[in-house]
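Data from my_file02.txt: compact mmCIF, N, CA and C atoms
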# COMPACT_ATOMS: atom_id res chain seq x y z
N MET I 1 -1.48 -5.05 -20.97
CA MET I 1 -2.19 -4.35 -19.91
C MET I 1 -1.44 -4.44 -18.58
N THR I 2 -0.41 -5.26 -18.53
CA THR I 2 0.38 -5.40 -17.30
C THR I 2 1.82 -4.98 -17.56
N ILE I 3 2.54 -4.82 -16.48
CA ILE I 3 3.97 -4.53 -16.54
C ILE I 3 4.70 -5.59 -15.71
N HIS I 4 5.99 -5.72 -15.94
CA HIS I 4 6.79 -6.66 -15.17
C HIS I 4 7.31 -6.00 -13.90
N GLN I 5 7.20 -6.75 -12.83
CA GLN I 5 7.73 -6.32 -11.54
C GLN I 5 8.71 -7.36 -11.05
N LEU I 6 9.82 -6.91 -10.55
CA LEU I 6 10.83 -7.78 -9.97
C LEU I 6 10.62 -7.80 -8.46
N SER I 7 10.53 -8.99 -7.88
CA SER I 7 10.46 -9.14 -6.43
C SER I 7 11.73 -9.82 -5.97
N VAL I 8 12.47 -9.14 -5.13
CA VAL I 8 13.76 -9.62 -4.67
C VAL I 8 13.67 -9.91 -3.18
N PHE I 9 14.13 -11.07 -2.79
CA PHE I 9 14.10 -11.45 -1.38
C PHE I 9 15.45 -11.10 -0.76
N VAL I 10 15.42 -10.18 0.19
CA VAL I 10 16.66 -9.70 0.82
C VAL I 10 16.59 -9.95 2.32
N GLU I 11 17.70 -10.46 2.85
CA GLU I 11 17.77 -10.67 4.29
C GLU I 11 17.78 -9.33 5.00
N ASN I 12 17.23 -9.32 6.21
CA ASN I 12 17.24 -8.11 7.02
C ASN I 12 18.57 -7.98 7.74
N LYS I 13 19.61 -7.70 6.97
CA LYS I 13 20.92 -7.44 7.56
C LYS I 13 21.66 -6.43 6.68
N SER I 14 22.54 -5.73 7.31
CA SER I 14 23.27 -4.66 6.65
C SER I 14 23.98 -5.14 5.39
N GLY I 15 23.81 -4.40 4.30
CA GLY I 15 24.54 -4.66 3.07
C GLY I 15 23.78 -5.45 2.02
N THR I 16 22.70 -6.14 2.40
CA THR I 16 22.03 -6.97 1.39
C THR I 16 21.28 -6.12 0.35
N LEU I 17 20.61 -5.08 0.79
CA LEU I 17 19.93 -4.19 -0.15
C LEU I 17 20.96 -3.46 -1.03
N LEU I 18 22.04 -3.03 -0.43
CA LEU I 18 23.09 -2.35 -1.18
C LEU I 18 23.64 -3.25 -2.30
N ARG I 19 23.80 -4.54 -2.00
CA ARG I 19 24.31 -5.47 -3.02
C ARG I 19 23.37 -5.51 -4.23
N VAL I 20 22.08 -5.58 -3.99
CA VAL I 20 21.11 -5.58 -5.08
C VAL I 20 21.22 -4.28 -5.89
N LEU I 21 21.24 -3.16 -5.20
CA LEU I 21 21.31 -1.87 -5.88
C LEU I 21 22.61 -1.71 -6.67
N GLU I 22 23.71 -2.17 -6.10
CA GLU I 22 25.00 -2.08 -6.80
C GLU I 22 25.00 -2.94 -8.07
N LEU I 23 24.42 -4.13 -8.00
CA LEU I 23 24.34 -5.00 -9.18
C LEU I 23 23.52 -4.35 -10.29
N LEU I 24 22.42 -3.74 -9.92
CA LEU I 24 21.59 -3.06 -10.92
C LEU I 24 22.30 -1.83 -11.47
N LYS I 25 23.02 -1.13 -10.62
CA LYS I 25 23.79 0.03 -11.06
C LYS I 25 24.86 -0.39 -12.07
N GLU I 26 25.60 -1.46 -11.74
CA GLU I 26 26.65 -1.95 -12.64
C GLU I 26 26.08 -2.40 -13.99
N ALA I 27 24.85 -2.91 -13.97
CA ALA I 27 24.20 -3.34 -15.21
C ALA I 27 23.52 -2.19 -15.94
N ASN I 28 23.62 -0.98 -15.39
CA ASN I 28 23.03 0.23 -15.97
C ASN I 28 21.51 0.10 -16.13
N ILE I 29 20.88 -0.46 -15.12
CA ILE I 29 19.42 -0.61 -15.11
C ILE I 29 18.83 0.49 -14.24
N GLN I 30 17.90 1.24 -14.82
CA GLN I 30 17.29 2.38 -14.14
C GLN I 30 16.09 1.94 -13.31
N LEU I 31 16.08 2.31 -12.04
CA LEU I 31 14.91 2.08 -11.20
C LEU I 31 13.87 3.15 -11.50
N ILE I 32 12.62 2.73 -11.64
CA ILE I 32 11.53 3.67 -11.85
C ILE I 32 10.75 3.84 -10.55
N ALA I 33 10.51 2.72 -9.86
CA ALA I 33 9.81 2.74 -8.57
C ALA I 33 10.22 1.49 -7.81
N SER I 34 10.18 1.59 -6.48
CA SER I 34 10.47 0.42 -5.67
C SER I 34 9.85 0.60 -4.29
N THR I 35 9.65 -0.53 -3.64
CA THR I 35 9.10 -0.54 -2.29
C THR I 35 9.61 -1.79 -1.58
N ILE I 36 9.73 -1.69 -0.27
CA ILE I 36 10.15 -2.85 0.53
C ILE I 36 9.10 -3.11 1.59
N SER I 37 8.71 -4.37 1.71
CA SER I 37 7.90 -4.81 2.84
C SER I 37 8.75 -5.83 3.58
N ASP I 38 8.67 -5.82 4.89
CA ASP I 38 9.58 -6.68 5.63
C ASP I 38 8.85 -7.63 6.57
N THR I 39 9.57 -8.69 6.90
CA THR I 39 9.18 -9.61 7.96
C THR I 39 10.35 -9.61 8.93
N VAL I 40 10.35 -10.50 9.88
CA VAL I 40 11.42 -10.54 10.87
C VAL I 40 12.76 -10.89 10.23
N GLU I 41 12.77 -11.82 9.28
CA GLU I 41 14.03 -12.33 8.75
C GLU I 41 14.42 -11.78 7.38
N TYR I 42 13.45 -11.37 6.59
CA TYR I 42 13.78 -10.90 5.25
C TYR I 42 12.77 -9.85 4.79
N GLY I 43 13.14 -9.20 3.71
CA GLY I 43 12.25 -8.22 3.10
C GLY I 43 11.95 -8.62 1.66
N ILE I 44 10.86 -8.14 1.14
CA ILE I 44 10.55 -8.31 -0.28
C ILE I 44 10.70 -6.93 -0.90
N TYR I 45 11.67 -6.82 -1.77
CA TYR I 45 11.98 -5.57 -2.45
C TYR I 45 11.34 -5.64 -3.83
N ARG I 46 10.27 -4.91 -4.04
CA ARG I 46 9.57 -4.89 -5.32
C ARG I 46 10.07 -3.72 -6.16
N ILE I 47 10.39 -4.02 -7.42
CA ILE I 47 11.05 -3.05 -8.28
C ILE I 47 10.35 -2.98 -9.65
N ILE I 48 10.10 -1.77 -10.09
CA ILE I 48 9.75 -1.50 -11.48
C ILE I 48 10.98 -0.82 -12.06
N CYS I 49 11.51 -1.37 -13.15
CA CYS I 49 12.77 -0.85 -13.68
C CYS I 49 12.75 -0.83 -15.21
N SER I 50 13.81 -0.28 -15.77
CA SER I 50 13.90 -0.09 -17.22
C SER I 50 14.01 -1.40 -17.99
N GLU I 51 14.64 -2.40 -17.44
CA GLU I 51 14.83 -3.67 -18.15
C GLU I 51 14.62 -4.83 -17.17
N PRO I 52 13.37 -5.15 -16.89
CA PRO I 52 13.09 -6.14 -15.84
C PRO I 52 13.68 -7.53 -16.11
N MET I 53 13.65 -8.00 -17.34
CA MET I 53 14.18 -9.34 -17.64
C MET I 53 15.69 -9.37 -17.43
N ARG I 54 16.37 -8.34 -17.89
CA ARG I 54 17.83 -8.29 -17.71
C ARG I 54 18.18 -8.11 -16.24
N ALA I 55 17.38 -7.34 -15.50
CA ALA I 55 17.60 -7.18 -14.07
C ALA I 55 17.44 -8.52 -13.36
N TYR I 56 16.40 -9.25 -13.72
CA TYR I 56 16.15 -10.58 -13.14
C TYR I 56 17.35 -11.50 -13.40
N GLU I 57 17.80 -11.54 -14.63
CA GLU I 57 18.94 -12.40 -14.98
C GLU I 57 20.21 -11.98 -14.25
N THR I 58 20.43 -10.69 -14.13
CA THR I 58 21.60 -10.16 -13.42
C THR I 58 21.60 -10.62 -11.97
N LEU I 59 20.46 -10.51 -11.31
CA LEU I 59 20.37 -10.90 -9.90
C LEU I 59 20.49 -12.41 -9.72
N LYS I 60 19.84 -13.17 -10.60
CA LYS I 60 19.91 -14.63 -10.49
C LYS I 60 21.34 -15.12 -10.67
N GLU I 61 22.05 -14.53 -11.64
CA GLU I 61 23.45 -14.91 -11.87
C GLU I 61 24.31 -14.62 -10.65
N ALA I 62 23.93 -13.64 -9.86
CA ALA I 62 24.67 -13.28 -8.65
C ALA I 62 24.21 -14.09 -7.44
N GLY I 63 23.28 -15.03 -7.65
CA GLY I 63 22.81 -15.87 -6.56
C GLY I 63 21.77 -15.24 -5.66
N ILE I 64 21.11 -14.21 -6.17
CA ILE I 64 20.09 -13.51 -5.37
C ILE I 64 18.72 -14.04 -5.77
N SER I 65 17.91 -14.37 -4.78
CA SER I 65 16.58 -14.91 -5.01
C SER I 65 15.64 -13.81 -5.49
N ALA I 66 15.09 -14.01 -6.70
CA ALA I 66 14.20 -13.01 -7.28
C ALA I 66 13.15 -13.69 -8.13
N ASN I 67 12.02 -13.03 -8.27
CA ASN I 67 10.93 -13.50 -9.14
C ASN I 67 10.50 -12.36 -10.04
N LEU I 68 10.02 -12.71 -11.20
CA LEU I 68 9.48 -11.74 -12.14
C LEU I 68 7.99 -12.04 -12.27
N SER I 69 7.15 -11.02 -12.10
CA SER I 69 5.71 -11.24 -12.19
C SER I 69 5.05 -10.07 -12.92
N ASP I 70 3.83 -10.33 -13.36
CA ASP I 70 3.04 -9.30 -14.01
C ASP I 70 2.16 -8.62 -12.97
N VAL I 71 2.13 -7.31 -13.01
CA VAL I 71 1.26 -6.51 -12.13
C VAL I 71 0.54 -5.49 -12.99
N PHE I 72 -0.53 -4.96 -12.46
CA PHE I 72 -1.27 -3.92 -13.15
C PHE I 72 -0.71 -2.56 -12.78
N ALA I 73 -0.78 -1.64 -13.72
CA ALA I 73 -0.38 -0.26 -13.46
C ALA I 73 -1.38 0.64 -14.16
N ILE I 74 -1.97 1.55 -13.41
CA ILE I 74 -2.90 2.50 -14.01
C ILE I 74 -2.42 3.92 -13.70
N MET I 75 -2.74 4.82 -14.62
CA MET I 75 -2.33 6.22 -14.49
C MET I 75 -3.56 7.04 -14.10
N LEU I 76 -3.35 7.92 -13.13
CA LEU I 76 -4.43 8.75 -12.62
C LEU I 76 -4.03 10.22 -12.65
N ASP I 77 -5.02 11.08 -12.68
CA ASP I 77 -4.73 12.50 -12.52
C ASP I 77 -4.16 12.70 -11.12
N ASN I 78 -3.30 13.67 -10.98
CA ASN I 78 -2.67 13.95 -9.70
C ASN I 78 -3.54 14.93 -8.90
N ARG I 79 -4.65 14.39 -8.38
CA ARG I 79 -5.52 15.20 -7.53
C ARG I 79 -6.17 14.29 -6.50
N PRO I 80 -6.54 14.84 -5.36
CA PRO I 80 -7.10 14.05 -4.27
C PRO I 80 -8.32 13.24 -4.69
N GLY I 81 -8.36 12.00 -4.27
CA GLY I 81 -9.52 11.14 -4.49
C GLY I 81 -9.45 10.23 -5.69
N CYS I 82 -8.52 10.46 -6.60
CA CYS I 82 -8.44 9.62 -7.80
C CYS I 82 -8.13 8.16 -7.47
N ALA I 83 -7.24 7.94 -6.53
CA ALA I 83 -6.90 6.56 -6.16
C ALA I 83 -8.12 5.87 -5.55
N ALA I 84 -8.83 6.56 -4.68
CA ALA I 84 -10.03 5.98 -4.07
C ALA I 84 -11.07 5.63 -5.13
N ASP I 85 -11.26 6.51 -6.10
CA ASP I 85 -12.23 6.24 -7.16
C ASP I 85 -11.84 5.00 -7.97
N ALA I 86 -10.56 4.89 -8.28
CA ALA I 86 -10.10 3.74 -9.07
C ALA I 86 -10.26 2.44 -8.28
N ILE I 87 -9.83 2.44 -7.03
CA ILE I 87 -9.91 1.22 -6.22
C ILE I 87 -11.36 0.84 -5.95
N ARG I 88 -12.24 1.82 -5.85
CA ARG I 88 -13.67 1.53 -5.67
C ARG I 88 -14.19 0.66 -6.82
N SER I 89 -13.72 0.90 -8.03
CA SER I 89 -14.16 0.12 -9.18
C SER I 89 -13.85 -1.37 -8.99
N PHE I 90 -12.68 -1.65 -8.45
CA PHE I 90 -12.30 -3.05 -8.23
C PHE I 90 -13.06 -3.63 -7.03
N SER I 91 -13.17 -2.85 -5.99
CA SER I 91 -13.88 -3.30 -4.79
C SER I 91 -15.34 -3.62 -5.10
N ASN I 92 -15.98 -2.75 -5.87
CA ASN I 92 -17.38 -2.96 -6.25
C ASN I 92 -17.56 -4.23 -7.07
N ALA I 93 -16.51 -4.65 -7.76
CA ALA I 93 -16.56 -5.87 -8.57
C ALA I 93 -16.15 -7.10 -7.75
N GLY I 94 -15.90 -6.91 -6.44
CA GLY I 94 -15.52 -8.02 -5.58
C GLY I 94 -14.09 -8.47 -5.73
N ILE I 95 -13.24 -7.61 -6.28
CA ILE I 95 -11.83 -7.94 -6.49
C ILE I 95 -11.02 -7.48 -5.29
N GLY I 96 -10.20 -8.37 -4.77
CA GLY I 96 -9.32 -8.03 -3.65
C GLY I 96 -7.96 -7.56 -4.15
N ILE I 97 -7.43 -6.54 -3.52
CA ILE I 97 -6.10 -6.02 -3.83
C ILE I 97 -5.10 -6.72 -2.90
N SER I 98 -4.16 -7.46 -3.48
CA SER I 98 -3.15 -8.17 -2.69
C SER I 98 -2.12 -7.20 -2.12
N TYR I 99 -1.66 -6.29 -2.96
CA TYR I 99 -0.79 -5.20 -2.52
C TYR I 99 -0.83 -4.09 -3.55
N LEU I 100 -0.41 -2.92 -3.12
CA LEU I 100 -0.44 -1.74 -3.98
C LEU I 100 0.65 -0.78 -3.53
N TYR I 101 1.26 -0.11 -4.47
CA TYR I 101 2.11 1.03 -4.16
C TYR I 101 1.92 2.07 -5.25
N SER I 102 2.28 3.29 -4.95
CA SER I 102 2.03 4.37 -5.89
C SER I 102 3.22 5.31 -5.93
N PHE I 103 3.27 6.08 -7.01
CA PHE I 103 4.31 7.09 -7.17
C PHE I 103 3.85 8.09 -8.22
N LEU I 104 4.54 9.20 -8.30
CA LEU I 104 4.26 10.21 -9.32
C LEU I 104 5.29 10.09 -10.42
N LEU I 105 4.81 10.20 -11.66
CA LEU I 105 5.71 10.13 -12.81
C LEU I 105 5.15 11.06 -13.88
N SER I 106 5.96 12.00 -14.32
CA SER I 106 5.54 12.97 -15.35
C SER I 106 4.23 13.66 -14.97
N GLY I 107 4.07 13.98 -13.67
CA GLY I 107 2.91 14.72 -13.21
C GLY I 107 1.63 13.89 -13.07
N LYS I 108 1.73 12.60 -13.22
CA LYS I 108 0.58 11.71 -13.09
C LYS I 108 0.80 10.75 -11.93
N GLY I 109 -0.28 10.36 -11.29
CA GLY I 109 -0.21 9.34 -10.26
C GLY I 109 -0.22 7.98 -10.91
N ILE I 110 0.66 7.10 -10.45
CA ILE I 110 0.73 5.74 -10.97
C ILE I 110 0.44 4.79 -9.81
N LEU I 111 -0.55 3.91 -9.99
CA LEU I 111 -0.84 2.86 -9.03
C LEU I 111 -0.37 1.55 -9.61
N VAL I 112 0.46 0.84 -8.87
CA VAL I 112 0.93 -0.49 -9.25
C VAL I 112 0.31 -1.45 -8.25
N PHE I 113 -0.33 -2.51 -8.73
CA PHE I 113 -1.03 -3.40 -7.80
C PHE I 113 -1.20 -4.79 -8.38
N ARG I 114 -1.46 -5.70 -7.47
CA ARG I 114 -1.76 -7.09 -7.81
C ARG I 114 -3.10 -7.42 -7.18
N THR I 115 -3.90 -8.21 -7.88
CA THR I 115 -5.22 -8.56 -7.37
C THR I 115 -5.38 -10.07 -7.26
N ASP I 116 -6.48 -10.47 -6.65
CA ASP I 116 -6.77 -11.90 -6.52
C ASP I 116 -7.54 -12.44 -7.73
N SER I 117 -7.78 -11.59 -8.72
CA SER I 117 -8.54 -11.99 -9.90
C SER I 117 -8.08 -11.21 -11.13
N PRO I 118 -6.96 -11.62 -11.74
CA PRO I 118 -6.41 -10.86 -12.88
C PRO I 118 -7.38 -10.71 -14.06
N GLU I 119 -8.10 -11.76 -14.41
CA GLU I 119 -9.02 -11.65 -15.56
C GLU I 119 -10.15 -10.66 -15.28
N GLN I 120 -10.71 -10.73 -14.09
CA GLN I 120 -11.77 -9.79 -13.71
C GLN I 120 -11.21 -8.36 -13.64
N THR I 121 -9.97 -8.22 -13.18
CA THR I 121 -9.32 -6.91 -13.11
C THR I 121 -9.20 -6.31 -14.50
N ARG I 122 -8.77 -7.11 -15.47
CA ARG I 122 -8.67 -6.63 -16.85
C ARG I 122 -10.03 -6.13 -17.35
N LYS I 123 -11.06 -6.90 -17.05
CA LYS I 123 -12.41 -6.53 -17.48
C LYS I 123 -12.82 -5.19 -16.87
N VAL I 124 -12.58 -4.99 -15.58
CA VAL I 124 -12.94 -3.74 -14.92
C VAL I 124 -12.16 -2.57 -15.52
N ILE I 125 -10.88 -2.77 -15.74
CA ILE I 125 -10.06 -1.70 -16.33
C ILE I 125 -10.64 -1.26 -17.67
N LEU I 126 -10.99 -2.23 -18.51
CA LEU I 126 -11.54 -1.90 -19.82
C LEU I 126 -12.95 -1.31 -19.72
N ASP I 127 -13.80 -1.93 -18.91
CA ASP I 127 -15.19 -1.45 -18.77
C ASP I 127 -15.26 -0.04 -18.20
N LYS I 128 -14.38 0.28 -17.26
CA LYS I 128 -14.41 1.60 -16.61
C LYS I 128 -13.56 2.63 -17.35
N GLY I 129 -12.86 2.18 -18.40
CA GLY I 129 -12.03 3.10 -19.17
C GLY I 129 -10.84 3.63 -18.38
N LEU I 130 -10.33 2.82 -17.46
CA LEU I 130 -9.17 3.25 -16.68
C LEU I 130 -7.94 3.29 -17.59
N ASN I 131 -7.08 4.24 -17.34
CA ASN I 131 -5.90 4.46 -18.16
C ASN I 131 -4.78 3.54 -17.72
N TYR I 132 -4.74 2.34 -18.29
CA TYR I 132 -3.70 1.37 -17.90
C TYR I 132 -2.40 1.67 -18.64
N ILE I 133 -1.34 1.21 -18.04
CA ILE I 133 -0.01 1.46 -18.59
C ILE I 133 0.62 0.14 -19.01
N GLU I 134 1.15 0.12 -20.21
CA GLU I 134 1.94 -1.01 -20.66
C GLU I 134 3.40 -0.65 -20.42
N GLU I 135 4.22 -1.68 -20.34
CA GLU I 135 5.62 -1.46 -19.99
C GLU I 135 6.33 -0.46 -20.90
N LYS I 136 6.10 -0.55 -22.20
CA LYS I 136 6.77 0.37 -23.13
C LYS I 136 6.38 1.82 -22.86
N HIS I 137 5.14 2.07 -22.44
CA HIS I 137 4.71 3.43 -22.14
C HIS I 137 5.32 3.93 -20.84
N LEU I 138 5.43 3.06 -19.86
CA LEU I 138 6.04 3.43 -18.60
C LEU I 138 7.47 3.90 -18.81
N LEU I 139 8.19 3.21 -19.64
CA LEU I 139 9.58 3.57 -19.90
C LEU I 139 9.67 4.90 -20.66
N GLU I 140 8.72 5.16 -21.53
CA GLU I 140 8.70 6.44 -22.25
C GLU I 140 8.46 7.61 -21.31
N MET I 141 7.69 7.37 -20.25
CA MET I 141 7.36 8.43 -19.30
C MET I 141 8.52 8.75 -18.35
N ALA I 142 9.36 7.77 -18.12
CA ALA I 142 10.45 7.92 -17.14
C ALA I 142 11.51 8.89 -17.60
Full structure transcribed into structure tokens:
Amino acid sequence: MTIHQLSVFVENKSGTLLRVLELLKEANIQLIASTISDTVEYGIYRIICSEPMRAYETLKEAGISANLSDVFAIMLDNRPGCAADAIRSFSNAGIGISYLYSFLLSGKGILVFRTDSPEQTRKVILDKGLNYIEEKHLLEMA
């Protein structure tokens, strides 16, 4: 019910993001989605990619600080209000969203997110019949 997300810690200076991207390019790892959030000194580059474990190993071998974690991904129809409806289900259950990003893939909206209650999140996804994505399906869609 979850997918792997790579979180890479990059300094806020010229060339650090490029180094990460070049390493993934050389390893022939396809990016599916990514986002960066920043602080004064560094950024957190979150990546959904074709081979998250190999990407993680590639970056670690190069001395780049990275973590691999499980996040939820749900697929929505590409029309206004679908994201609000989905998030309402979690909010109504008292679940907090730690972070979220979205993108379009094969004509569908994809929400990737982390919550403060993974077990309760799983229950809501199943109870509400939300269309969750497993990693193998995400790669098939790309």
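If you measure from each of I:Leu59, I:Gly94, I:Lys123, I:Tyr132 to Val20 (chain I) using only N, CA and C atoms, the closest one turns out to be I:Leu59.
Minimum distance to Glu51 (chain I) across I:Ser34, I:Asn131, I:Gln5, I:Thr16 (counting only C-alpha atoms) occurs at I:Gln5.
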If I wrap all listed atoms of region 23-33 of chain I in a box with edges along x, y and z and add 8 Å on each side, what are its centre and edge lengths in Å to one decimal, as JSON?
{"center_x": 18.2, "center_y": -0.6, "center_z": -12.0, "size_x": 32.8, "size_y": 24.8, "size_z": 24.3}
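Closest approach to Lys13 (chain I) among I:Asp116, I:Ala86, I:Met1, I:Glu41: I:Glu41, based on all atoms listed in the file.
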Pull the neighbourhood of (2.3, -8.2, -4.7) for me: all residues within 6 Å in file coordinates, counting only C-alpha atoms, as a PDB file with N, CA and C atoms, keeping the file's coordinate frame.
ATOM      1  N   SER I  98      -4.160  -7.460  -3.480  1.00  0.00           N
ATOM      2  CA  SER I  98      -3.150  -8.170  -2.690  1.00  0.00           C
ATOM      3  C   SER I  98      -2.120  -7.200  -2.120  1.00  0.00           C
ATOM      4  N   TYR I  99      -1.660  -6.290  -2.960  1.00  0.00           N
ATOM      5  CA  TYR I  99      -0.790  -5.200  -2.520  1.00  0.00           C
ATOM      6  C   TYR I  99      -0.830  -4.090  -3.550  1.00  0.00           C
ATOM      7  N   ARG I 114      -1.460  -5.700  -7.470  1.00  0.00           N
ATOM      8  CA  ARG I 114      -1.760  -7.090  -7.810  1.00  0.00           C
ATOM      9  C   ARG I 114      -3.100  -7.420  -7.180  1.00  0.00           C
TER      10      ARG I 114
END
So, counting only C-alpha atoms, which residue among I:Ala55, I:Val112, I:Phe9, I:Ile3 is closest to Ser37 (chain I)? I:Phe9
Running DSSP on the backbone, which parts of region 15-98 of chain I land in helix (DSSP H, G or I), as a ChimeraX atom specification? /I:16-26,52-61,82-92
So that I can check the surroundings of Leu6 (chain I), please list as a short mmCIF file (atom, residue, chain, number, x, y, z; two decimals) with N, CA and C atoms, in the coordinates of the input every protein, DNA and RNA residue that reaches within 7 Å of it, counting only N, CA and C atoms and ignoring chain neighbours fewer than 2 positions away.
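Output below, filename part_18.cif:
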data_model
loop_
_atom_site.label_atom_id
_atom_site.label_comp_id
_atom_site.auth_asym_id
_atom_site.auth_seq_id
_atom_site.Cartn_x
_atom_site.Cartn_y
_atom_site.Cartn_z
N HIS I 4 5.99 -5.72 -15.94
CA HIS I 4 6.79 -6.66 -15.17
C HIS I 4 7.31 -6.00 -13.90
N VAL I 8 12.47 -9.14 -5.13
CA VAL I 8 13.76 -9.62 -4.67
C VAL I 8 13.67 -9.91 -3.18
N TYR I 45 11.67 -6.82 -1.77
CA TYR I 45 11.98 -5.57 -2.45
C TYR I 45 11.34 -5.64 -3.83
N ARG I 46 10.27 -4.91 -4.04
CA ARG I 46 9.57 -4.89 -5.32
C ARG I 46 10.07 -3.72 -6.16
N ILE I 47 10.39 -4.02 -7.42
CA ILE I 47 11.05 -3.05 -8.28
C ILE I 47 10.35 -2.98 -9.65
N ILE I 48 10.10 -1.77 -10.09
CA ILE I 48 9.75 -1.50 -11.48
C ILE I 48 10.98 -0.82 -12.06
N CYS I 49 11.51 -1.37 -13.15
CA CYS I 49 12.77 -0.85 -13.68
C CYS I 49 12.75 -0.83 -15.21
N PRO I 52 13.37 -5.15 -16.89
CA PRO I 52 13.09 -6.14 -15.84
C PRO I 52 13.68 -7.53 -16.11
N TYR I 56 16.40 -9.25 -13.72
CA TYR I 56 16.15 -10.58 -13.14
C TYR I 56 17.35 -11.50 -13.40
N ALA I 66 15.09 -14.01 -6.70
CA ALA I 66 14.20 -13.01 -7.28
C ALA I 66 13.15 -13.69 -8.13
N ASN I 67 12.02 -13.03 -8.27
CA ASN I 67 10.93 -13.50 -9.14
C ASN I 67 10.50 -12.36 -10.04
N LEU I 68 10.02 -12.71 -11.20
CA LEU I 68 9.48 -11.74 -12.14
C LEU I 68 7.99 -12.04 -12.27
N SER I 69 7.15 -11.02 -12.10
CA SER I 69 5.71 -11.24 -12.19
C SER I 69 5.05 -10.07 -12.92
#
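With CA of Glu134 (chain I) on one side and atom C of Leu105 (chain I) on the other, the separation reads 14.2 Å.
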If we count all atoms listed in the file, what is near region 75-77 of chain I at a cut-off of 7 Å, once residues fewer than 4 positions away on the same chain are taken out, given as number ranges by chain? I: 82-83, 107-111, 130-133
Interatomic distance, CA of Arg19 (chain I) to atom N of Met141 (chain I) (Å, one decimal): 27.2 Å
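Our summary of the geometry notes that CA of Ile32 (chain I) is positioned 22.3 Å from CA of Ile87 (chain I).
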